[in-house]
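upload_24.cif follows (mmCIF, C-alpha atoms and all ligand atoms):
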```cif
data_final
#
loop_
_atom_site.label_atom_id
_atom_site.label_comp_id
_atom_site.auth_asym_id
_atom_site.auth_seq_id
_atom_site.Cartn_x
_atom_site.Cartn_y
_atom_site.Cartn_z
CA MET J 1 -106.39 47.73 23.00
CA ARG J 2 -106.34 51.32 24.25
CA LEU J 3 -103.57 53.31 22.59
CA PRO J 4 -102.27 56.35 24.49
CA ILE J 5 -102.23 58.54 21.33
CA ASP J 6 -103.83 58.43 17.89
CA PRO J 7 -101.60 56.32 15.60
CA GLU J 8 -102.64 58.50 12.68
CA SER J 9 -100.82 61.37 14.43
CA VAL J 10 -97.56 59.45 13.98
CA LYS J 11 -95.88 59.43 10.57
CA GLY J 12 -95.64 55.96 9.12
CA PHE J 13 -96.81 53.31 6.73
CA LEU J 14 -98.79 50.90 8.90
CA ALA J 15 -102.56 50.45 8.50
CA PRO J 16 -104.83 50.43 11.59
CA ASP J 17 -105.75 46.73 11.25
CA GLU J 18 -102.08 45.85 10.79
CA GLY J 19 -101.27 47.78 13.95
CA ALA J 20 -104.02 46.04 15.89
CA ALA J 21 -102.61 42.67 14.81
CA LEU J 22 -99.14 43.78 15.94
CA TYR J 23 -100.60 44.65 19.33
CA GLU J 24 -102.38 41.30 19.70
CA HIS J 25 -99.37 39.15 18.81
CA ALA J 26 -96.92 41.29 20.77
CA ALA J 27 -99.14 41.02 23.85
CA GLN J 28 -99.01 37.24 23.58
CA ALA J 29 -95.20 37.32 23.62
CA ALA J 30 -95.11 38.39 27.25
CA GLY J 31 -94.56 34.89 28.60
CA VAL J 32 -92.03 34.01 25.90
CA GLY J 33 -89.54 36.89 25.76
CA PRO J 34 -89.06 40.57 24.98
CA CYS J 35 -90.30 42.17 21.77
CA LEU J 36 -87.99 43.60 19.12
CA GLU J 37 -88.71 45.66 16.01
CA ILE J 38 -86.40 46.54 13.14
CA GLY J 39 -87.38 49.78 11.46
CA SER J 40 -89.08 52.14 13.92
CA TYR J 41 -89.02 55.30 11.75
CA CYS J 42 -91.22 57.81 13.62
CA GLY J 43 -92.72 55.21 15.95
CA ARG J 44 -96.12 54.18 14.61
CA SER J 45 -95.46 50.43 14.95
CA THR J 46 -93.59 51.20 18.18
CA LEU J 47 -96.80 52.72 19.52
CA TYR J 48 -98.74 49.47 18.97
CA ILE J 49 -96.04 47.05 20.14
CA GLY J 50 -94.88 49.32 22.96
CA THR J 51 -98.44 49.62 24.26
CA ALA J 52 -98.72 45.81 24.22
CA CYS J 53 -95.52 45.70 26.28
CA ARG J 54 -96.86 48.34 28.66
CA ASP J 55 -100.03 46.31 29.13
CA THR J 56 -98.21 43.01 29.76
CA GLY J 57 -95.10 44.09 31.69
CA ASN J 58 -92.80 43.35 28.74
CA VAL J 59 -90.22 45.50 26.96
CA LEU J 60 -89.67 46.45 23.32
CA PHE J 61 -86.24 46.89 21.78
CA ALA J 62 -86.69 49.35 18.90
CA VAL J 63 -83.82 49.07 16.41
CA ASP J 64 -83.34 51.76 13.75
CA HIS J 65 -80.34 53.78 12.57
CA HIS J 66 -82.85 56.59 12.03
CA GLN J 67 -81.15 57.72 8.82
CA GLY J 68 -84.03 56.54 6.65
CA SER J 69 -84.37 53.58 4.32
CA GLU J 70 -83.62 53.75 0.60
CA GLU J 71 -87.09 55.09 -0.20
CA HIS J 72 -86.83 57.92 2.38
CA GLN J 73 -83.77 59.58 0.89
CA PRO J 74 -83.99 62.96 -0.91
CA GLY J 75 -85.52 62.51 -4.35
CA GLU J 76 -87.07 59.12 -3.51
CA ALA J 77 -90.78 58.30 -3.36
CA TYR J 78 -91.25 58.44 0.42
CA HIS J 79 -88.92 61.34 1.23
CA ASP J 80 -90.22 63.64 3.97
CA PRO J 81 -88.40 67.00 3.94
CA ALA J 82 -89.44 67.59 7.57
CA LEU J 83 -87.16 64.70 8.61
CA TYR J 84 -84.16 65.93 6.64
CA ASP J 85 -81.33 67.40 8.73
CA ALA J 86 -79.60 69.93 6.51
CA ALA J 87 -76.71 70.38 8.94
CA SER J 88 -75.64 66.75 8.66
CA GLY J 89 -77.02 66.19 5.16
CA ARG J 90 -78.87 63.13 6.45
CA MET J 91 -82.34 61.97 7.24
CA ASP J 92 -83.00 61.94 10.97
CA SER J 93 -86.17 60.29 12.27
CA PHE J 94 -84.83 59.87 15.82
CA ARG J 95 -86.02 63.26 17.08
CA GLU J 96 -89.55 62.54 15.84
CA PHE J 97 -89.35 58.99 17.23
CA ARG J 98 -88.44 60.27 20.69
CA ARG J 99 -91.26 62.80 20.50
CA THR J 100 -93.69 59.93 19.79
CA LEU J 101 -92.41 57.92 22.78
CA ALA J 102 -92.78 60.96 25.05
CA ARG J 103 -96.26 61.85 23.78
CA ALA J 104 -97.37 58.23 24.27
CA ASP J 105 -95.67 57.99 27.67
CA LEU J 106 -93.94 54.76 26.58
CA GLU J 107 -90.39 55.64 27.58
CA ALA J 108 -90.50 53.14 30.47
CA HIS J 109 -91.40 50.30 28.09
CA VAL J 110 -89.35 50.93 24.91
CA ILE J 111 -85.56 50.71 24.59
CA PRO J 112 -84.36 52.56 21.48
CA ILE J 113 -81.29 51.09 19.81
CA VAL J 114 -79.89 53.59 17.32
CA ALA J 115 -77.78 51.30 15.16
CA ARG J 116 -77.82 49.36 11.96
CA SER J 117 -79.72 46.11 12.34
CA ALA J 118 -76.74 43.90 11.48
CA LEU J 119 -74.57 45.64 14.08
CA ALA J 120 -77.20 45.32 16.79
CA ALA J 121 -77.67 41.64 15.91
CA ARG J 122 -73.99 40.74 15.98
CA HIS J 123 -73.66 40.09 19.73
CA TRP J 124 -77.35 40.13 20.61
CA PRO J 125 -77.73 38.13 23.86
CA VAL J 126 -81.49 37.78 24.46
CA THR J 127 -83.97 35.32 22.97
CA CYS J 128 -87.07 37.22 21.85
CA GLY J 129 -90.76 36.41 22.04
CA PHE J 130 -91.71 38.64 19.12
CA VAL J 131 -89.65 40.05 16.23
CA PHE J 132 -91.11 42.51 13.71
CA ILE J 133 -89.08 43.08 10.52
CA ASP J 134 -89.90 46.38 8.79
CA GLY J 135 -86.51 47.86 7.98
CA GLY J 136 -84.91 48.51 4.60
CA HIS J 137 -86.72 46.87 1.69
CA SER J 138 -83.82 46.03 -0.61
CA PRO J 139 -83.13 42.29 -1.00
CA ALA J 140 -79.85 42.65 0.91
CA ALA J 141 -81.46 44.60 3.77
CA VAL J 142 -84.39 42.22 4.24
CA ARG J 143 -82.10 39.19 4.08
CA ALA J 144 -79.72 40.69 6.65
CA ASP J 145 -82.63 41.43 8.98
CA TYR J 146 -83.99 37.90 8.62
CA GLU J 147 -80.62 36.22 9.05
CA GLY J 148 -79.67 38.50 11.92
CA TRP J 149 -82.83 38.11 13.96
CA ALA J 150 -84.89 35.05 13.04
CA GLY J 151 -82.48 32.84 14.98
CA ARG J 152 -83.11 34.98 18.07
CA ILE J 153 -86.77 33.99 18.36
CA ALA J 154 -87.68 31.53 21.10
CA PRO J 155 -89.79 28.45 20.30
CA GLY J 156 -93.40 29.61 20.45
CA GLY J 157 -92.34 33.17 19.63
CA VAL J 158 -93.60 35.07 16.62
CA LEU J 159 -91.85 36.52 13.55
CA ALA J 160 -93.77 39.28 11.77
CA ILE J 161 -92.72 40.67 8.38
CA HIS J 162 -94.23 43.79 6.82
CA ASP J 163 -94.76 44.78 3.18
CA LEU J 164 -95.57 41.40 1.69
CA PHE J 165 -96.56 41.81 -1.94
CA PRO J 166 -97.24 38.47 -3.66
CA ASP J 167 -97.93 40.39 -6.88
CA PRO J 168 -94.82 42.32 -8.03
CA ARG J 169 -97.08 44.99 -9.54
CA ASP J 170 -98.04 45.99 -5.99
CA GLY J 171 -94.56 46.43 -4.51
CA GLY J 172 -91.01 45.19 -4.00
CA GLN J 173 -90.53 41.44 -3.69
CA ALA J 174 -87.80 41.16 -1.04
CA PRO J 175 -89.99 40.81 2.08
CA TRP J 176 -92.30 38.35 0.30
CA THR J 177 -89.34 36.25 -0.89
CA VAL J 178 -87.90 36.00 2.63
CA TYR J 179 -91.33 35.24 4.11
CA GLN J 180 -91.76 32.35 1.66
CA GLU J 181 -88.27 31.08 2.54
CA ALA J 182 -89.08 31.17 6.24
CA LEU J 183 -92.23 29.14 5.63
CA ALA J 184 -90.37 26.65 3.43
CA SER J 185 -87.70 26.18 6.10
CA GLY J 186 -90.12 24.14 8.20
CA ARG J 187 -89.22 26.17 11.29
CA TYR J 188 -92.46 28.19 11.31
CA GLU J 189 -96.17 27.82 11.01
CA GLU J 190 -98.21 30.59 9.45
CA LEU J 191 -100.60 32.30 11.86
CA THR J 192 -102.24 35.01 9.79
CA VAL J 193 -101.70 37.68 7.18
CA VAL J 194 -103.31 41.10 7.71
CA GLN J 195 -103.10 43.20 4.56
CA THR J 196 -99.34 43.14 3.86
CA LEU J 197 -98.28 41.97 7.33
CA GLY J 198 -97.55 38.28 7.88
CA PHE J 199 -97.18 36.45 11.20
CA LEU J 200 -95.27 33.19 11.67
CA ARG J 201 -94.91 31.16 14.85
CA ARG J 202 -91.49 29.66 15.58
CA LEU J 203 -91.85 25.93 16.10
CA GLY J 204 -90.08 24.17 18.98
MG MG L 1 -93.33 48.70 6.28
#
```

Mind turning this structure into structure tokens?
Ligand code: MG
Amino acid sequence: MRLPIDPESVKGFLAPDEGAALYEHAAQAAGVGPCLEIGSYCGRSTLYIGTACRDTGNVLFAVDHHQGSEEHQPGEAYHDPALYDAASGRMDSFREFRRTLARADLEAHVIPIVARSALAARHWPVTCGFVFIDGGHSPAAVRADYEGWAGRIAPGGVLAIHDLFPDPRDGGQAPWTVYQEALASGRYEELTVVQTLGFLRRLG
């Protein structure tokens, strides 16, 4: 894996070994279908998955409304004043996201979709080889992302979910709950978990 820019130069909440695992699994999706991520923020995960797509001739759909998740809003724990647009009174990570794509020269491999996940999913026509869920972390948001996109993964494709915290003292439980449900559904086999990032393969 040779990334075009330093991932630490991109704002985000993804560890280097988690990013490397994203790259590896996204690269393997090339023969199965396009990649799709929910929750791009400033593009750190996009850098890893987009580079995998660059290297394998695949494309990445990057879905984010770019108005920040719950925890990014003013007064919340992960608020970044540099991403606050005073004119609109909203968070806006899209400008920074586009800057990342340009710096990394990935604009020919990544298709930004600036929309809420549920809206983008409603008439989604393409079966995916790799889906990465890292959007809002509320129970309703994680469930909507799972229900909107898990059914769009081809047999043999991979579902990745970020921010798995089996111990509630470490973080919110919504991604972990949905991950356990996916496993219990019998439709997936577990591939690996890297820190808080889990990978499931869709069974045929
Ligand atoms: Mg995350």

Checklist entry - Looking at all atoms listed in the file, which of J:Arg152, J:His137, J:Arg116, J:Arg2 is the one that sits closest to ligand MG 1 (chain L)? => result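 Distance minimum relative to ligand MG 1 (chain L) lands on J:His137.
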
Next on the checklist: Can you work out which residues are within 8 Å of ligand MG 1 (chain L), considering all atoms listed in the file, and then hand them over as a list in words?
Outcome noted: Phe13, Leu14, Gly39, Asp134, Gly135, His162 and Asp163 of chain J

Item to check | Point (-77.8, 46.3, 19.0), cut-off 12 Å, counting all atoms listed in the file, residues as a PyMOL selection string | outcome: chain J and resi 36-38+61-65+111-126+148-149

Checklist entry - So, counting all atoms listed in the file, which residue among J:Ala184, J:Val158, J:Leu83, J:Ala144 is closest to Arg95 in chain J? => result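 When distances to Arg95 in chain J are compared using all atoms listed in the file, the smallest one comes from J:Leu83.
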
Next on the checklist: Ranking J:Thr56, J:Ser185, J:Ser45, J:Ser40 by minimum distance to Ala27 in chain J and counting only C-alpha atoms, which one comes first?
Outcome noted: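 Result for the nearest residue to Ala27 in chain J: J:Thr56.
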
Checklist entry - At most 10 Å from (-92.3, 23.8, 14.9), file frame, all atoms listed in the file: which residues, as JSON, numbers by chain? => result {"J": [155, 156, 186, 187, 188, 189, 201, 202, 203, 204]}

Could those selected residues go to a file with C-alpha atoms, as a CSV table (one decimal), in the frame of the given file?
```csv
chain,number,residue,atom,x,y,z
J,155,PRO,CA,-89.8,28.4,20.3
J,156,GLY,CA,-93.4,29.6,20.4
J,186,GLY,CA,-90.1,24.1,8.2
J,187,ARG,CA,-89.2,26.2,11.3
J,188,TYR,CA,-92.5,28.2,11.3
J,189,GLU,CA,-96.2,27.8,11.0
J,201,ARG,CA,-94.9,31.2,14.8
J,202,ARG,CA,-91.5,29.7,15.6
J,203,LEU,CA,-91.8,25.9,16.1
J,204,GLY,CA,-90.1,24.2,19.0
```

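As for CA of Pro4 in chain J and CA of Tyr23 in chain J, they are spaced 12.9 Å apart.
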
Item to check | Atom-to-atom span, CA of Ala86 in chain J and CA of Gln67 in chain J, Å | outcome: 12.5 Å

Checklist entry - CA of Gly43 in chain J to CA of Thr177 in chain J: how many Å, to one decimal? => result 25.6 Å

Residues near Gln28 in chain J, anyone? I mean within 9 Å using all atoms listed in the file, not counting same-chain ones fewer than 6 positions away, as a PDB file with C-alpha atoms, keeping the file's coordinate frame.
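File written: selection_17.pdb
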```
ATOM      1  CA  ALA J  52     -98.720  45.810  24.220  1.00  0.00           C
ATOM      2  CA  THR J  56     -98.210  43.010  29.760  1.00  0.00           C
ATOM      3  CA  GLY J 129     -90.760  36.410  22.040  1.00  0.00           C
ATOM      4  CA  PHE J 130     -91.710  38.640  19.120  1.00  0.00           C
ATOM      5  CA  GLY J 157     -92.340  33.170  19.630  1.00  0.00           C
TER       6      GLY J 157
END
```
